[in-house]
Amino acid sequence: MSCRNVEIKAKVKDLPSFLLKCEEVSQSVGEVIKQEDFFFNAKEGRLKLRKFEGGAAELIFYNRPNMEGPKLSEYEKCSVSDGSKLQAVLSRALGVSGEVRKYRHLFLVGQTRIHVDQVENLGSFMELEVVLSKNQTPEDGERIADNLMNELGICKDDLVSTAYIDLLKAKT
């Protein structure tokens, strides 16, 4: 079954201050997760394998437009216990189109996941993912994202329209 969320991404200029704001807003210290995302050639959307320390992984397919500000993303996820074996199969079958390595601070605020990412060879970013219920519209998610953007002090000038993989490819 397909899931939906409304996402925004922005550049983070002052990482320590932004992390403190996230702790205040979420009333938690969050969780730190090391992630490696391997992107595979797909006919439509994006297909990535997200590997975690310890070997577990998630295969994620998603469709999302490249535009600044809140945008609707539709996705499907499947957890796997052996990410390395699945990576080998998908690499051989589809070919790898790129790789993203990051340290992610995850904070939860209501139905929103706040990701504060330190992306290797790219810098510091934040993402808001407002997970929509069946009955919620994308506009509902946009309102929630806009409110959190204001609360966290995210400026429109800092918004990023593309995925990390696209930003990394543009650097080369």
# chains A, B, ... in the order shown; residues from 1 in each chain; ligands from 1
$ closest_atom_pairs --of "range 24-71 of chain A" --to "range 141-148 of chain A" --cutoff "10 Å" --atoms "only C-alpha atoms" --output "JSON lines"
{"residue": "A:Val25", "atom": "CA", "partner": "A:Leu148", "partner_atom": "CA", "distance": 8.7}
{"residue": "A:Gly69", "atom": "CA", "partner": "A:Glu142", "partner_atom": "CA", "distance": 8.7}
{"residue": "A:Pro70", "atom": "CA", "partner": "A:Glu142", "partner_atom": "CA", "distance": 5.7}
{"residue": "A:Lys71", "atom": "CA", "partner": "A:Glu142", "partner_atom": "CA", "distance": 7.7}
$ closest_atom_pairs --of "range 60-155 of chain A" --to "range 11-20 of chain A" --cutoff "10 Å" --atoms "only C-alpha atoms" --output "JSON lines"
{"residue": "A:His105", "atom": "CA", "partner": "A:Leu19", "partner_atom": "CA", "distance": 8.3}
{"residue": "A:Phe107", "atom": "CA", "partner": "A:Leu19", "partner_atom": "CA", "distance": 9.5}
{"residue": "A:His115", "atom": "CA", "partner": "A:Leu19", "partner_atom": "CA", "distance": 10.0}
{"residue": "A:Val116", "atom": "CA", "partner": "A:Leu19", "partner_atom": "CA", "distance": 7.5}
{"residue": "A:Asp117", "atom": "CA", "partner": "A:Val12", "partner_atom": "CA", "distance": 8.9}
{"residue": "A:Gln118", "atom": "CA", "partner": "A:Leu15", "partner_atom": "CA", "distance": 8.9}
{"residue": "A:Gly123", "atom": "CA", "partner": "A:Lys11", "partner_atom": "CA", "distance": 8.1}
{"residue": "A:Ser124", "atom": "CA", "partner": "A:Val12", "partner_atom": "CA", "distance": 5.3}
{"residue": "A:Phe125", "atom": "CA", "partner": "A:Lys11", "partner_atom": "CA", "distance": 4.4}
{"residue": "A:Met126", "atom": "CA", "partner": "A:Val12", "partner_atom": "CA", "distance": 6.4}
{"residue": "A:Glu127", "atom": "CA", "partner": "A:Lys11", "partner_atom": "CA", "distance": 9.0}
{"residue": "A:Leu152", "atom": "CA", "partner": "A:Phe18", "partner_atom": "CA", "distance": 7.5}
{"residue": "A:Gly153", "atom": "CA", "partner": "A:Phe18", "partner_atom": "CA", "distance": 8.7}
{"residue": "A:Ile154", "atom": "CA", "partner": "A:Val12", "partner_atom": "CA", "distance": 8.5}
{"residue": "A:Cys155", "atom": "CA", "partner": "A:Lys11", "partner_atom": "CA", "distance": 9.4}
$ select_by_dssp --residues "range 6-169 of chain A" --states "helix (DSSP H, G or I)" --output "PyMOL selection string"
chain A and resi 15-26+83-94+138-152+156-158+164-169
$ write_last_selection --atoms "N, CA and C atoms" --output "CSV table (one decimal), in the first residue's frame"
chain,number,residue,atom,x,y,z
A,15,LEU,N,24.5,24.4,12.3
A,15,LEU,CA,24.0,23.1,12.7
A,15,LEU,C,23.8,23.0,14.2
A,16,PRO,N,24.7,23.4,15.1
A,16,PRO,CA,24.4,23.3,16.5
A,16,PRO,C,23.2,24.1,17.0
A,17,SER,N,23.0,25.3,16.5
A,17,SER,CA,21.8,26.1,16.9
A,17,SER,C,20.5,25.4,16.4
A,18,PHE,N,20.6,24.9,15.2
A,18,PHE,CA,19.4,24.3,14.6
A,18,PHE,C,19.0,23.0,15.4
A,19,LEU,N,20.0,22.2,15.7
A,19,LEU,CA,19.8,21.0,16.5
A,19,LEU,C,19.1,21.4,17.9
A,20,LEU,N,19.5,22.4,18.5
A,20,LEU,CA,18.9,22.9,19.8
A,20,LEU,C,17.5,23.3,19.5
A,21,LYS,N,17.2,23.9,18.4
A,21,LYS,CA,15.8,24.3,18.1
A,21,LYS,C,14.9,23.0,17.9
A,22,CYS,N,15.5,22.0,17.3
A,22,CYS,CA,14.7,20.8,17.0
A,22,CYS,C,14.5,20.1,18.4
A,23,GLU,N,15.4,20.1,19.3
A,23,GLU,CA,15.3,19.5,20.6
A,23,GLU,C,14.1,20.2,21.4
A,24,GLU,N,14.1,21.5,21.3
A,24,GLU,CA,13.1,22.3,21.9
A,24,GLU,C,11.7,22.0,21.4
A,25,VAL,N,11.6,22.0,20.0
A,25,VAL,CA,10.3,21.8,19.4
A,25,VAL,C,9.8,20.4,19.6
A,26,SER,N,10.7,19.4,19.6
A,26,SER,CA,10.3,18.0,19.7
A,26,SER,C,10.2,17.6,21.2
A,83,GLY,N,20.8,-6.2,4.0
A,83,GLY,CA,20.9,-5.2,3.0
A,83,GLY,C,22.0,-5.4,2.0
A,84,SER,N,23.1,-6.0,2.4
A,84,SER,CA,24.2,-6.2,1.5
A,84,SER,C,23.9,-7.2,0.3
A,85,LYS,N,23.2,-8.3,0.7
A,85,LYS,CA,22.8,-9.2,-0.4
A,85,LYS,C,21.8,-8.6,-1.4
A,86,LEU,N,20.8,-7.8,-0.8
A,86,LEU,CA,19.9,-7.2,-1.7
A,86,LEU,C,20.6,-6.1,-2.6
A,87,GLN,N,21.5,-5.4,-2.0
A,87,GLN,CA,22.3,-4.4,-2.8
A,87,GLN,C,23.0,-5.1,-3.9
A,88,ALA,N,23.6,-6.3,-3.7
A,88,ALA,CA,24.3,-7.0,-4.7
A,88,ALA,C,23.4,-7.4,-5.9
A,89,VAL,N,22.2,-7.9,-5.5
A,89,VAL,CA,21.2,-8.3,-6.5
A,89,VAL,C,20.7,-7.1,-7.3
A,90,LEU,N,20.3,-6.0,-6.7
A,90,LEU,CA,19.8,-4.9,-7.4
A,90,LEU,C,20.9,-4.2,-8.2
A,91,SER,N,22.1,-4.2,-7.7
A,91,SER,CA,23.2,-3.6,-8.5
A,91,SER,C,23.4,-4.3,-9.8
A,92,ARG,N,23.4,-5.6,-9.7
A,92,ARG,CA,23.6,-6.4,-10.9
A,92,ARG,C,22.4,-6.3,-11.9
A,93,ALA,N,21.2,-6.3,-11.3
A,93,ALA,CA,20.0,-6.3,-12.2
A,93,ALA,C,19.7,-4.9,-12.8
A,94,LEU,N,19.9,-3.8,-12.0
A,94,LEU,CA,19.5,-2.5,-12.4
A,94,LEU,C,20.6,-1.5,-12.6
A,138,PRO,N,-3.0,17.0,0.7
A,138,PRO,CA,-1.6,17.6,0.7
A,138,PRO,C,-1.6,19.0,1.3
A,139,GLU,N,-2.7,19.7,1.1
A,139,GLU,CA,-2.8,21.1,1.7
A,139,GLU,C,-2.7,21.1,3.2
A,140,ASP,N,-3.3,20.0,3.8
A,140,ASP,CA,-3.2,19.9,5.3
A,140,ASP,C,-1.8,19.7,5.7
A,141,GLY,N,-1.1,18.9,4.9
A,141,GLY,CA,0.4,18.6,5.2
A,141,GLY,C,1.2,19.9,5.0
A,142,GLU,N,0.8,20.7,4.0
A,142,GLU,CA,1.6,21.9,3.7
A,142,GLU,C,1.4,22.9,4.9
A,143,ARG,N,0.2,23.0,5.4
A,143,ARG,CA,0.0,23.9,6.6
A,143,ARG,C,0.8,23.5,7.8
A,144,ILE,N,0.9,22.2,8.0
A,144,ILE,CA,1.7,21.7,9.1
A,144,ILE,C,3.2,22.0,8.9
A,145,ALA,N,3.6,21.7,7.7
A,145,ALA,CA,5.0,22.0,7.3
A,145,ALA,C,5.4,23.5,7.4
A,146,ASP,N,4.5,24.3,6.9
A,146,ASP,CA,4.7,25.8,7.0
A,146,ASP,C,4.8,26.2,8.5
A,147,ASN,N,3.9,25.7,9.3
A,147,ASN,CA,4.0,26.1,10.7
A,147,ASN,C,5.3,25.7,11.4
A,148,LEU,N,5.7,24.4,11.1
A,148,LEU,CA,7.0,24.0,11.7
A,148,LEU,C,8.2,24.7,11.1
A,149,MET,N,8.1,25.1,9.8
A,149,MET,CA,9.2,25.9,9.2
A,149,MET,C,9.3,27.2,10.0
A,150,ASN,N,8.2,27.9,10.3
A,150,ASN,CA,8.2,29.1,11.0
A,150,ASN,C,8.8,28.9,12.4
A,151,GLU,N,8.3,27.8,13.1
A,151,GLU,CA,8.8,27.5,14.4
A,151,GLU,C,10.3,27.3,14.5
A,152,LEU,N,10.8,26.6,13.5
A,152,LEU,CA,12.2,26.3,13.4
A,152,LEU,C,13.1,27.4,12.8
A,156,LYS,N,12.8,30.9,3.5
A,156,LYS,CA,12.5,30.5,2.1
A,156,LYS,C,13.7,30.4,1.3
A,157,ASP,N,14.7,31.3,1.5
A,157,ASP,CA,15.9,31.4,0.8
A,157,ASP,C,16.8,30.1,0.9
A,158,ASP,N,16.6,29.4,2.0
A,158,ASP,CA,17.4,28.2,2.3
A,158,ASP,C,16.8,26.9,1.7
A,164,TYR,N,19.3,14.8,-2.4
A,164,TYR,CA,20.8,14.8,-2.1
A,164,TYR,C,21.5,14.2,-3.3
A,165,ILE,N,21.0,13.1,-3.9
A,165,ILE,CA,21.7,12.5,-5.0
A,165,ILE,C,21.9,13.4,-6.2
A,166,ASP,N,20.9,14.2,-6.4
A,166,ASP,CA,21.0,15.2,-7.5
A,166,ASP,C,22.0,16.3,-7.2
A,167,LEU,N,22.0,16.7,-5.9
A,167,LEU,CA,23.0,17.8,-5.5
A,167,LEU,C,24.4,17.2,-5.7
A,168,LEU,N,24.6,16.0,-5.3
A,168,LEU,CA,25.9,15.4,-5.4
A,168,LEU,C,26.3,15.2,-6.8
A,169,LYS,N,25.4,14.8,-7.7
A,169,LYS,CA,25.7,14.6,-9.1
A,169,LYS,C,26.1,15.9,-9.8
$ select_by_dssp --residues "chain A" --states "strand (DSSP E)" --output "ChimeraX atom specification"
/A:3-11,31-40,46-52,57-63,71-80,96-109,112-119,123-131
$ atom_distance --atom1 "CA of Gly45 in chain A" --atom2 "CA of Glu31 in chain A"
28.4 Å
$ residues_around --residues "range 57-64 of chain A" --least-positions-apart "5" --cutoff "8 Å" --atoms "only C-alpha atoms" --output "count of residues only"
22
$ residues_around --residues "Tyr103 in chain A" --least-positions-apart "6" --cutoff "8 Å" --atoms "only C-alpha atoms" --output "mmCIF file with N, CA, C and O atoms, in the first residue's frame"
data_model
loop_
_atom_site.group_PDB
_atom_site.id
_atom_site.type_symbol
_atom_site.label_atom_id
_atom_site.label_comp_id
_atom_site.auth_asym_id
_atom_site.auth_seq_id
_atom_site.Cartn_x
_atom_site.Cartn_y
_atom_site.Cartn_z
ATOM 1 N N VAL A 32 20.227 9.536 16.614
ATOM 2 C CA VAL A 32 21.222 9.667 15.554
ATOM 3 C C VAL A 32 21.308 8.342 14.808
ATOM 4 O O VAL A 32 21.427 7.278 15.421
ATOM 5 N N ILE A 33 21.231 8.415 13.470
ATOM 6 C CA ILE A 33 21.226 7.220 12.631
ATOM 7 C C ILE A 33 22.234 7.414 11.502
ATOM 8 O O ILE A 33 22.183 8.414 10.792
ATOM 9 N N LYS A 34 23.128 6.448 11.333
ATOM 10 C CA LYS A 34 24.046 6.474 10.194
ATOM 11 C C LYS A 34 23.359 5.735 9.054
ATOM 12 O O LYS A 34 22.882 4.612 9.235
ATOM 13 N N GLN A 35 23.293 6.386 7.869
ATOM 14 C CA GLN A 35 22.598 5.791 6.732
ATOM 15 C C GLN A 35 23.461 5.850 5.475
ATOM 16 O O GLN A 35 24.190 6.817 5.257
ATOM 17 N N ASP A 117 20.356 16.352 8.637
ATOM 18 C CA ASP A 117 21.320 15.481 7.980
ATOM 19 C C ASP A 117 22.661 16.158 7.754
ATOM 20 O O ASP A 117 22.711 17.303 7.284
ATOM 21 N N GLN A 118 23.711 15.438 8.063
ATOM 22 C CA GLN A 118 25.064 15.831 7.682
ATOM 23 C C GLN A 118 25.435 14.877 6.556
ATOM 24 O O GLN A 118 25.705 13.703 6.779
ATOM 25 N N VAL A 119 25.416 15.410 5.327
ATOM 26 C CA VAL A 119 25.601 14.601 4.131
ATOM 27 C C VAL A 119 27.058 14.687 3.682
ATOM 28 O O VAL A 119 27.580 15.790 3.470
#
$ atom_distance --atom1 "CA of Gly55 in chain A" --atom2 "CA of Glu99 in chain A"
16.6 Å
